file query_32.cif (mmCIF, C-alpha atoms)
data_target
#
loop_
_atom_site.label_atom_id
_atom_site.label_comp_id
_atom_site.auth_asym_id
_atom_site.auth_seq_id
_atom_site.Cartn_x
_atom_site.Cartn_y
_atom_site.Cartn_z
CA MET P 1 26.53 93.42 113.59
CA SER P 2 29.12 95.08 115.82
CA THR P 3 30.38 98.46 116.89
CA THR P 4 33.92 99.81 117.01
CA ASP P 5 34.37 102.48 119.68
CA SER P 6 36.08 105.67 118.59
CA SER P 7 36.51 109.24 119.74
CA ALA P 8 38.08 112.35 118.26
CA HIS P 9 39.63 113.01 121.67
CA PRO P 10 40.20 109.64 123.37
CA SER P 11 40.29 109.56 127.14
CA HIS P 12 43.32 108.59 129.18
CA THR P 13 41.40 105.41 130.02
CA ALA P 14 40.97 104.49 126.36
CA HIS P 15 44.66 105.06 125.69
CA GLU P 16 45.72 103.04 128.71
CA ILE P 17 43.47 100.15 127.70
CA ALA P 18 45.07 100.03 124.27
CA THR P 19 48.62 99.78 125.66
CA GLN P 20 48.03 96.58 127.64
CA PRO P 21 49.62 94.07 125.24
CA ASP P 22 53.03 95.76 125.51
CA CYS P 23 52.61 96.26 129.26
CA TRP P 24 52.02 92.54 129.71
CA ARG P 25 55.07 91.62 127.66
CA LYS P 26 57.26 93.96 129.71
CA ALA P 27 55.86 92.49 132.93
CA ALA P 28 56.68 88.96 131.75
CA ALA P 29 60.28 89.99 131.15
CA PHE P 30 60.30 91.79 134.50
CA ALA P 31 59.18 88.66 136.37
CA ALA P 32 62.42 86.86 135.53
CA GLY P 33 64.46 89.34 137.55
CA HIS P 34 62.19 89.52 140.59
CA GLY P 35 61.58 85.89 141.40
CA ALA P 36 62.93 86.17 144.95
CA ALA P 37 60.27 88.76 145.79
CA LEU P 38 57.42 86.63 144.47
CA PRO P 39 55.81 83.52 145.99
CA GLY P 40 57.95 80.42 145.85
CA ARG P 41 56.60 76.92 145.38
CA GLY P 42 55.23 75.59 148.63
CA GLU P 43 54.93 78.94 150.39
CA ARG P 44 51.67 79.69 152.14
CA VAL P 45 50.64 82.98 150.57
CA ALA P 46 48.02 85.69 151.01
CA VAL P 47 47.41 88.28 148.33
CA VAL P 48 45.66 91.51 149.30
CA GLY P 49 44.32 94.63 147.64
CA CYS P 50 41.34 96.94 147.46
CA GLY P 51 38.77 97.18 144.70
CA THR P 52 40.30 96.22 141.36
CA SER P 53 43.49 94.99 143.06
CA TRP P 54 41.46 92.62 145.24
CA TYR P 55 39.84 91.13 142.14
CA MET P 56 43.26 90.56 140.57
CA ALA P 57 44.33 88.93 143.84
CA LEU P 58 41.37 86.55 143.62
CA ALA P 59 42.33 85.57 140.08
CA TYR P 60 45.98 84.94 140.95
CA ALA P 61 45.19 83.02 144.13
CA GLU P 62 43.00 80.59 142.21
CA LEU P 63 45.58 80.19 139.43
CA ARG P 64 48.40 79.50 141.90
CA GLU P 65 46.42 76.85 143.75
CA GLN P 66 45.26 75.23 140.50
CA ALA P 67 48.90 75.02 139.43
CA GLY P 68 49.75 73.20 142.67
CA HIS P 69 52.20 75.83 143.91
CA GLY P 70 50.79 76.13 147.41
CA GLU P 71 47.90 77.35 149.52
CA THR P 72 46.95 80.84 148.38
CA ASP P 73 44.27 83.09 149.83
CA ALA P 74 43.05 86.47 148.61
CA PHE P 75 41.54 89.18 150.78
CA ALA P 76 40.33 92.70 150.62
CA ALA P 77 42.90 94.46 152.79
CA SER P 78 40.21 95.55 155.26
CA LEU P 79 39.11 91.92 155.75
CA PHE P 80 42.51 90.29 156.30
CA PRO P 81 42.49 87.72 159.16
CA VAL P 82 45.38 89.15 161.16
CA ASP P 83 45.62 86.09 163.42
CA ARG P 84 46.26 83.77 160.47
CA ARG P 85 49.89 83.09 159.57
CA TYR P 86 51.40 83.14 156.08
CA ASP P 87 54.93 82.77 154.73
CA ARG P 88 54.41 85.69 152.37
CA VAL P 89 51.87 88.46 151.93
CA VAL P 90 51.71 90.12 148.51
CA ALA P 91 49.97 93.50 148.31
CA LEU P 92 48.74 94.91 145.01
CA THR P 93 48.42 98.69 145.18
CA ARG P 94 48.75 101.03 142.22
CA SER P 95 49.12 104.19 144.30
CA GLY P 96 50.94 102.70 147.29
CA THR P 97 48.96 105.05 149.53
CA THR P 98 45.68 103.22 150.18
CA THR P 99 45.07 103.38 153.91
CA GLU P 100 43.84 99.81 154.43
CA VAL P 101 46.85 98.35 152.60
CA VAL P 102 49.45 100.54 154.32
CA ASN P 103 48.02 99.88 157.79
CA LEU P 104 47.79 96.13 157.17
CA LEU P 105 51.39 95.86 156.00
CA ALA P 106 52.64 97.95 158.90
CA GLY P 107 50.87 95.59 161.30
CA LEU P 108 52.30 92.49 159.62
CA GLN P 109 55.95 93.53 159.71
CA GLY P 110 58.05 90.72 161.14
CA GLN P 111 55.25 88.14 160.78
CA ALA P 112 55.68 87.31 157.08
CA SER P 113 57.71 88.33 154.06
CA LEU P 114 55.93 91.38 152.65
CA THR P 115 55.97 92.08 148.91
CA VAL P 116 54.38 95.16 147.37
CA ILE P 117 53.57 95.41 143.67
CA THR P 118 52.96 99.06 142.88
CA ALA P 119 53.32 101.79 140.28
CA ASP P 120 55.31 104.04 142.63
CA GLY P 121 58.17 102.81 144.79
CA THR P 122 58.41 105.98 146.90
CA THR P 123 55.11 105.61 148.77
CA PRO P 124 54.07 104.49 152.27
CA ALA P 125 53.27 100.92 151.21
CA ALA P 126 56.76 100.52 149.78
CA ASP P 127 58.27 101.91 152.98
CA VAL P 128 56.83 99.08 155.10
CA ALA P 129 57.50 96.22 152.65
CA ASP P 130 60.44 93.82 152.55
CA SER P 131 60.40 93.72 148.74
CA VAL P 132 58.98 96.18 146.22
CA ILE P 133 58.24 95.55 142.55
CA VAL P 134 57.58 98.77 140.66
CA LEU P 135 55.52 98.54 137.47
CA ASP P 136 55.80 102.23 136.66
CA HIS P 137 55.48 101.52 132.93
CA ALA P 138 51.87 100.52 133.65
CA ASP P 139 50.94 103.51 135.81
CA GLU P 140 47.85 105.46 134.80
CA LYS P 141 46.54 109.01 134.62
CA SER P 142 42.95 107.86 134.84
CA VAL P 143 41.29 107.25 138.19
CA VAL P 144 39.88 104.06 136.67
CA GLN P 145 42.36 101.18 136.84
CA THR P 146 42.85 99.13 133.70
CA ARG P 147 46.40 98.43 132.58
CA PHE P 148 48.11 98.51 135.99
CA ALA P 149 45.82 95.83 137.37
CA THR P 150 46.14 93.48 134.41
CA THR P 151 49.89 94.08 134.21
CA ALA P 152 50.27 93.07 137.86
CA LEU P 153 48.33 89.89 137.10
CA ALA P 154 50.48 89.33 134.00
CA LEU P 155 53.60 89.58 136.17
CA LEU P 156 52.22 87.01 138.60
CA ARG P 157 51.09 84.70 135.80
CA ALA P 158 54.51 84.91 134.15
CA HIS P 159 56.15 84.00 137.46
CA LEU P 160 53.88 80.95 137.73
CA GLU P 161 55.00 79.91 134.25
CA SER P 162 58.62 80.02 135.35
CA GLN P 163 57.93 77.66 138.24
CA GLY P 164 56.31 74.82 136.33
CA PRO P 165 53.36 73.77 134.19
CA LEU P 166 50.31 76.02 134.16
CA PRO P 167 46.85 74.65 134.93
CA GLU P 168 45.24 72.89 131.98
CA GLY P 169 43.75 75.36 129.51
CA VAL P 170 45.61 78.40 130.85
CA ARG P 171 47.70 80.15 128.22
CA THR P 172 51.13 81.68 128.58
CA ILE P 173 51.46 85.43 128.96
CA ALA P 174 53.00 85.59 125.49
CA GLU P 175 49.84 83.99 124.10
CA ALA P 176 47.63 86.21 126.25
CA ALA P 177 49.43 89.33 124.98
CA ASP P 178 48.87 88.20 121.40
CA ASP P 179 45.18 87.77 122.20
CA ALA P 180 45.20 91.24 123.78
CA GLU P 181 46.40 92.67 120.46
CA ARG P 182 43.20 91.30 118.94
CA ALA P 183 41.05 92.48 121.82
CA VAL P 184 42.10 96.15 121.61
CA VAL P 185 40.83 96.43 118.02
CA ALA P 186 38.02 93.87 117.81
CA PRO P 187 34.55 95.32 117.18
CA LEU P 188 32.35 95.46 120.25
CA SER P 189 29.17 93.41 120.42
CA ASP P 190 26.11 95.39 119.35
CA GLY P 191 24.05 93.36 121.79
CA MET P 192 26.25 94.34 124.73
CA CYS P 193 26.47 97.98 123.58
CA ALA P 194 22.66 98.15 123.60
CA ALA P 195 22.05 96.14 126.78
CA GLU P 196 20.44 97.98 129.68
CA GLN P 197 22.02 95.52 132.11
CA ILE P 198 24.90 93.03 131.92
CA THR P 199 25.73 90.11 134.21
CA PHE P 200 29.36 88.95 134.07
CA LEU P 201 30.14 85.33 134.89
CA GLY P 202 33.45 83.64 135.62
CA ASP P 203 34.53 80.32 137.10
CA GLY P 204 37.75 79.61 139.00
CA TRP P 205 40.36 82.28 138.28
CA THR P 206 38.05 84.06 135.85
CA TYR P 207 35.58 84.90 138.63
CA GLY P 208 37.91 87.72 139.66
CA LEU P 209 37.88 88.94 136.06
CA ALA P 210 34.08 88.88 136.01
CA LEU P 211 33.97 90.96 139.18
CA GLU P 212 36.44 93.40 137.65
CA ALA P 213 34.47 93.70 134.40
CA GLY P 214 31.38 94.63 136.38
CA LEU P 215 33.30 97.17 138.42
CA LYS P 216 34.75 98.84 135.29
CA MET P 217 31.26 99.25 133.86
CA ARG P 218 29.95 100.79 137.07
CA GLU P 219 32.93 103.09 137.57
CA ALA P 220 33.36 104.42 134.05
CA ALA P 221 29.80 104.35 132.74
CA GLY P 222 27.53 104.19 135.78
CA ALA P 223 26.14 100.97 134.29
CA TRP P 224 23.95 98.37 135.98
CA THR P 225 26.07 95.24 136.24
CA GLU P 226 26.38 92.17 138.44
CA ALA P 227 28.90 89.32 138.63
CA TYR P 228 28.65 85.70 139.78
CA PRO P 229 30.18 82.26 139.33
CA PRO P 230 28.32 80.58 136.44
CA MET P 231 26.75 77.80 138.48
CA GLU P 232 25.54 80.25 141.14
CA TYR P 233 23.96 82.38 138.40
CA ARG P 234 21.34 79.67 137.97
CA HIS P 235 20.40 79.92 141.66
CA GLY P 236 18.53 83.21 141.45
CA PRO P 237 20.54 85.85 139.56
CA ILE P 238 19.42 84.51 136.18
CA SER P 239 16.01 85.96 136.99
CA ILE P 240 17.37 89.44 136.17
CA THR P 241 18.24 88.40 132.60
CA ALA P 242 15.62 89.28 130.00
CA PRO P 243 15.28 90.74 126.50
CA GLY P 244 17.49 93.80 126.21
CA ARG P 245 19.88 92.52 128.88
CA GLY P 246 23.16 90.62 128.52
CA THR P 247 25.19 87.80 130.06
CA TRP P 248 28.96 87.85 129.42
CA ILE P 249 30.86 84.68 130.29
CA PHE P 250 34.63 84.60 130.88
CA GLY P 251 36.20 81.24 130.20
CA PRO P 252 34.50 77.93 129.34
CA VAL P 253 30.71 77.87 129.37
CA PRO P 254 29.13 75.25 131.64
CA HIS P 255 26.94 72.76 129.82
CA GLY P 256 23.48 74.11 129.13
CA LEU P 257 24.11 77.62 130.40
CA ALA P 258 23.90 79.31 127.00
CA ASP P 259 20.56 77.61 126.46
CA ASP P 260 19.36 78.82 129.86
CA VAL P 261 20.26 82.40 128.91
CA ALA P 262 18.59 82.02 125.51
CA ARG P 263 15.33 81.01 127.19
CA THR P 264 15.28 84.31 129.06
CA GLY P 265 15.52 86.26 125.81
CA GLY P 266 18.80 87.84 126.90
CA VAL P 267 21.99 88.18 124.85
CA CYS P 268 24.84 85.79 125.69
CA LEU P 269 28.50 86.54 124.91
CA ALA P 270 31.08 83.81 125.49
CA GLU P 271 34.25 84.23 123.46
CA SER P 272 37.06 83.42 125.90
CA GLY P 273 38.46 80.22 127.33
CA GLY P 274 40.22 77.20 125.94
CA SER P 275 38.49 76.73 122.59
CA ALA P 276 40.31 77.35 119.33
CA GLY P 277 40.16 80.98 118.28
CA ALA P 278 38.86 82.14 121.65
CA LEU P 279 40.57 84.93 123.58
CA ASP P 280 42.50 84.44 126.80
CA PRO P 281 40.02 85.55 129.49
CA MET P 282 42.33 88.37 130.58
CA ALA P 283 42.34 89.63 127.00
CA ASP P 284 38.56 89.31 126.96
CA LEU P 285 38.53 91.66 129.97
CA ILE P 286 40.02 94.30 127.66
CA ARG P 287 36.85 94.17 125.59
CA ALA P 288 34.77 94.77 128.70
CA GLN P 289 37.00 97.72 129.59
CA ARG P 290 36.51 99.14 126.10
CA LEU P 291 32.76 98.64 126.38
CA ALA P 292 32.76 100.65 129.62
CA VAL P 293 34.53 103.55 127.86
CA HIS P 294 32.17 103.28 124.87
CA LEU P 295 29.11 103.49 127.11
CA ALA P 296 30.60 106.36 129.12
CA ASP P 297 31.17 108.32 125.91
CA ALA P 298 27.64 107.54 124.72
CA ARG P 299 26.22 108.81 128.02
CA GLY P 300 28.31 111.97 128.06
CA LEU P 301 30.39 110.81 131.03
CA ASP P 302 34.14 111.23 131.56
CA PRO P 303 35.57 107.73 132.10
CA ASP P 304 38.77 109.23 133.53
CA ARG P 305 36.91 110.86 136.42
CA PRO P 306 34.17 108.61 137.81
CA ARG P 307 31.59 110.12 140.11
CA ALA P 308 32.53 110.01 143.81
CA LEU P 309 35.87 108.25 143.20
CA SER P 310 39.51 109.25 143.58
CA ARG P 311 42.77 107.60 142.52
CA SER P 312 43.47 106.34 146.03
CA VAL P 313 41.36 106.01 149.19
CA VAL P 314 43.30 107.70 151.97
CA LEU P 315 41.39 107.89 155.25
CA ALA P 316 42.41 110.91 157.29
CA ASP P 317 40.91 109.52 160.52
CA ALA P 318 42.24 105.99 160.10
CA HIS P 319 44.04 104.34 163.00
CA GLY P 320 46.50 101.56 162.55
#
call {"tool": "encode", "arguments": {"input": "query_32.cif", "output": "structure tokens"}}
result
Amino acid sequence: MSTTDSSAHPSHTAHEIATQPDCWRKAAAFAAGHGAALPGRGERVAVVGCGTSWYMALAYAELREQAGHGETDAFAASLFPVDRRYDRVVALTRSGTTTEVVNLLAGLQGQASLTVITADGTTPAADVADSVIVLDHADEKSVVQTRFATTALALLRAHLESQGPLPEGVRTIAEAADDAERAVVAPLSDGMCAAEQITFLGDGWTYGLALEAGLKMREAAGAWTEAYPPMEYRHGPISITAPGRGTWIFGPVPHGLADDVARTGGVCLAESGGSAGALDPMADLIRAQRLAVHLADARGLDPDRPRALSRSVVLADAHG
């Protein structure tokens, strides 16, 4: 049994989630004309962001290293090691106004090539960058980030494709966008819709996606979620899984893990990865985004306006 989410008056978030396949395709075409602003093979690269953007940075950094394109680190902007040297720093920032990102880039001017990927090219982050890539077609009205974040990752994935073979099992953006078409209409899992708690798991580049899935559920629906690498899940966090709770795995499932979850009585969902018929993990993230909106609607919450959050964190008393 499964549930299809619907609403007579869909939120901005729901609409933005549904537009991701086309956004990804446009980003893939966009990548071809902005190669000079993106990491070249052999460059030592750091990718930075805050919140959702940091999680996309984690995913890209792992993909780039797996593809053998060069050392790639990912940091929350507030945790960047300023004494460490990189050839290029790529900042992901939808608003272009986030204080930690703007201050970091300003402090790094002249030390590395600075690339900003943003939805608005007229903002402070763009002003201090050497190169700016504007994905305004993926901008959002909702406070909750969905399509901008995945479109930025689609751009970076498409650029990796243009530089050489992808890591084994990783699909092209064209294939991922086709999977996304399926993900925006696929029925949601009844077990996950009913779960009082969900743990998201991801290995390698999909760990960032697992973190992001958990964040979307907390932001939009105030849900109780956690996220871990699959092998670390066995070292304690599995104790939270029980009847009425779920475990959602992005990418391939480590041997025996589904059985471990079954012994707890929890629900296990693993429908992304390299197997035939499975979704690209980034497309699977769309289903988690849709679940967050579904639960928000069921709880009478507005997914566009999460409690205590704003579109951008701008710190009035920040120094930098």
call {"tool": "resolve_selection", "arguments": {"input": "query_32.cif", "expression": "the PyMOL selection byres ((chain P and resi 42-52) around 6)", "output": "PyMOL selection string"}}
result
chain P and resi 40-41+53-55+57+69-77+86-92
call {"tool": "write_last_selection", "arguments": {"input": "query_32.cif", "atoms": "C-alpha atoms", "output": "CSV table (one decimal), in the frame of the given file"}}
result
chain,number,residue,atom,x,y,z
P,40,GLY,CA,58.0,80.4,145.8
P,41,ARG,CA,56.6,76.9,145.4
P,53,SER,CA,43.5,95.0,143.1
P,54,TRP,CA,41.5,92.6,145.2
P,55,TYR,CA,39.8,91.1,142.1
P,57,ALA,CA,44.3,88.9,143.8
P,69,HIS,CA,52.2,75.8,143.9
P,70,GLY,CA,50.8,76.1,147.4
P,71,GLU,CA,47.9,77.4,149.5
P,72,THR,CA,47.0,80.8,148.4
P,73,ASP,CA,44.3,83.1,149.8
P,74,ALA,CA,43.0,86.5,148.6
P,75,PHE,CA,41.5,89.2,150.8
P,76,ALA,CA,40.3,92.7,150.6
P,77,ALA,CA,42.9,94.5,152.8
P,86,TYR,CA,51.4,83.1,156.1
P,87,ASP,CA,54.9,82.8,154.7
P,88,ARG,CA,54.4,85.7,152.4
P,89,VAL,CA,51.9,88.5,151.9
P,90,VAL,CA,51.7,90.1,148.5
P,91,ALA,CA,50.0,93.5,148.3
P,92,LEU,CA,48.7,94.9,145.0
call {"tool": "atom_distance", "arguments": {"input": "query_32.cif", "atom1": "atom CA of P:Ser78", "atom2": "atom CA of P:Asn103"}}
result
9.3 Å
call {"tool": "atom_distance", "arguments": {"input": "query_32.cif", "atom1": "atom CA of P:Gly244", "atom2": "atom CA of P:Ala223"}}
result
13.8 Å
call {"tool": "residues_near_point", "arguments": {"input": "query_32.cif", "point": "(26.6, 89.0, 129.5)", "cutoff": "10 Å", "atoms": "only C-alpha atoms", "output": "list in words"}}
result
Gly191, Met192, Ala195, Gln197, Ile198, Thr199, Phe200, Leu201, Ala210, Thr225, Glu226, Ala227, Thr241, Arg245, Gly246, Thr247, Trp248, Ile249, Phe250, Val261, Gly266, Val267, Cys268, Leu269 and Ala270 of chain P
call {"tool": "residues_near_point", "arguments": {"input": "query_32.cif", "point": "(30.8, 83.6, 142.6)", "cutoff": "8 Å", "atoms": "all atoms listed in the file", "output": "list in words"}}
result
Leu201, Gly202, Asp203, Tyr207, Ala227, Tyr228, Pro229, Pro230 and Glu232 of chain P
call {"tool": "write_last_selection", "arguments": {"input": "query_32.cif", "atoms": "C-alpha atoms", "output": "short mmCIF file (atom, residue, chain, number, x, y, z; two decimals), in the coordinates of the input"}}
result
data_model
loop_
_atom_site.label_atom_id
_atom_site.label_comp_id
_atom_site.auth_asym_id
_atom_site.auth_seq_id
_atom_site.Cartn_x
_atom_site.Cartn_y
_atom_site.Cartn_z
CA LEU P 201 30.14 85.33 134.89
CA GLY P 202 33.45 83.64 135.62
CA ASP P 203 34.53 80.32 137.10
CA TYR P 207 35.58 84.90 138.63
CA ALA P 227 28.90 89.32 138.63
CA TYR P 228 28.65 85.70 139.78
CA PRO P 229 30.18 82.26 139.33
CA PRO P 230 28.32 80.58 136.44
CA GLU P 232 25.54 80.25 141.14
#
call {"tool": "atom_distance", "arguments": {"input": "query_32.cif", "atom1": "atom CA of P:Glu181", "atom2": "atom CA of P:Pro21"}}
result
5.9 Å
call {"tool": "axis_aligned_box", "arguments": {"input": "query_32.cif", "around": "stretch 150-162 of chain P", "padding_each_side": "8 Å", "output": "JSON"}}
result
{"center_x": 52.4, "center_y": 87.0, "center_z": 136.3, "size_x": 28.5, "size_y": 30.2, "size_z": 20.6}
call {"tool": "closest_residue", "arguments": {"input": "query_32.cif", "among": "P:Ala176, P:Ala296, P:Leu301, P:Pro254", "to": "P:Leu279", "atoms": "all atoms listed in the file"}}
result
P:Ala176
call {"tool": "resolve_selection", "arguments": {"input": "query_32.cif", "expression": "the PyMOL selection byres ((chain P and resi 183-185) around 6)", "output": "ChimeraX atom specification"}}
result
/P:18,180-182,186,287
call {"tool": "write_last_selection", "arguments": {"input": "query_32.cif", "atoms": "C-alpha atoms", "output": "short mmCIF file (atom, residue, chain, number, x, y, z; two decimals), in the frame of the given file"}}
result
data_model
loop_
_atom_site.label_atom_id
_atom_site.label_comp_id
_atom_site.auth_asym_id
_atom_site.auth_seq_id
_atom_site.Cartn_x
_atom_site.Cartn_y
_atom_site.Cartn_z
CA ALA P 18 45.07 100.03 124.27
CA ALA P 180 45.20 91.24 123.78
CA GLU P 181 46.40 92.67 120.46
CA ARG P 182 43.20 91.30 118.94
CA ALA P 186 38.02 93.87 117.81
CA ARG P 287 36.85 94.17 125.59
#
call {"tool": "residues_around", "arguments": {"input": "query_32.cif", "residues": "P:His12", "least_positions_apart": "5", "cutoff": "12 Å", "atoms": "all atoms listed in the file", "output": "ChimeraX atom specification"}}
result
/P:7,17-19,139-147,220,293,302-305
call {"tool": "closest_residue", "arguments": {"input": "query_32.cif", "among": "P:Arg263, P:Arg94, P:Arg85, P:Lys216", "to": "P:Ile286", "atoms": "all atoms listed in the file"}}
result
P:Lys216
call {"tool": "closest_residue", "arguments": {"input": "query_32.cif", "among": "P:Ile240, P:Ala213, P:Ala174, P:Leu114", "to": "P:Val128", "atoms": "all atoms listed in the file"}}
result
P:Leu114
call {"tool": "residues_around", "arguments": {"input": "query_32.cif", "residues": "P:Ala138", "least_positions_apart": "3", "cutoff": "8 Å", "atoms": "only C-alpha atoms", "output": "PyMOL selection string"}}
result
chain P and resi 23+119+135+147-148+151
call {"tool": "write_last_selection", "arguments": {"input": "query_32.cif", "atoms": "C-alpha atoms", "output": "tab-separated table (two decimals), in the frame of the given file"}}
result
chain	number	residue	atom	x	y	z
P	23	CYS	CA	52.61	96.26	129.26
P	119	ALA	CA	53.32	101.79	140.28
P	135	LEU	CA	55.52	98.54	137.47
P	147	ARG	CA	46.40	98.43	132.58
P	148	PHE	CA	48.11	98.51	135.99
P	151	THR	CA	49.89	94.08	134.21
call {"tool": "resolve_selection", "arguments": {"input": "query_32.cif", "expression": "the PyMOL selection byres ((chain P and resi 132) around 8)", "output": "list in words"}}
result
Ala37, Thr115, Val116, Ile117, Thr118, Gly121, Ala126, Ala129, Asp130, Ser131, Ile133 and Val134 of chain P
call {"tool": "closest_residue", "arguments": {"input": "query_32.cif", "among": "P:Leu156, P:Met217, P:Leu63, P:Met282", "to": "P:Cys193", "atoms": "only C-alpha atoms"}}
result
P:Met217
call {"tool": "closest_residue", "arguments": {"input": "query_32.cif", "among": "P:Leu108, P:Asp22, P:Ala292, P:Arg157", "to": "P:Pro306", "atoms": "all atoms listed in the file"}}
result
P:Ala292
call {"tool": "closest_residue", "arguments": {"input": "query_32.cif", "among": "P:Val82, P:Ile173, P:Ala59, P:Val101", "to": "P:Ala31", "atoms": "only C-alpha atoms"}}
result
P:Ile173
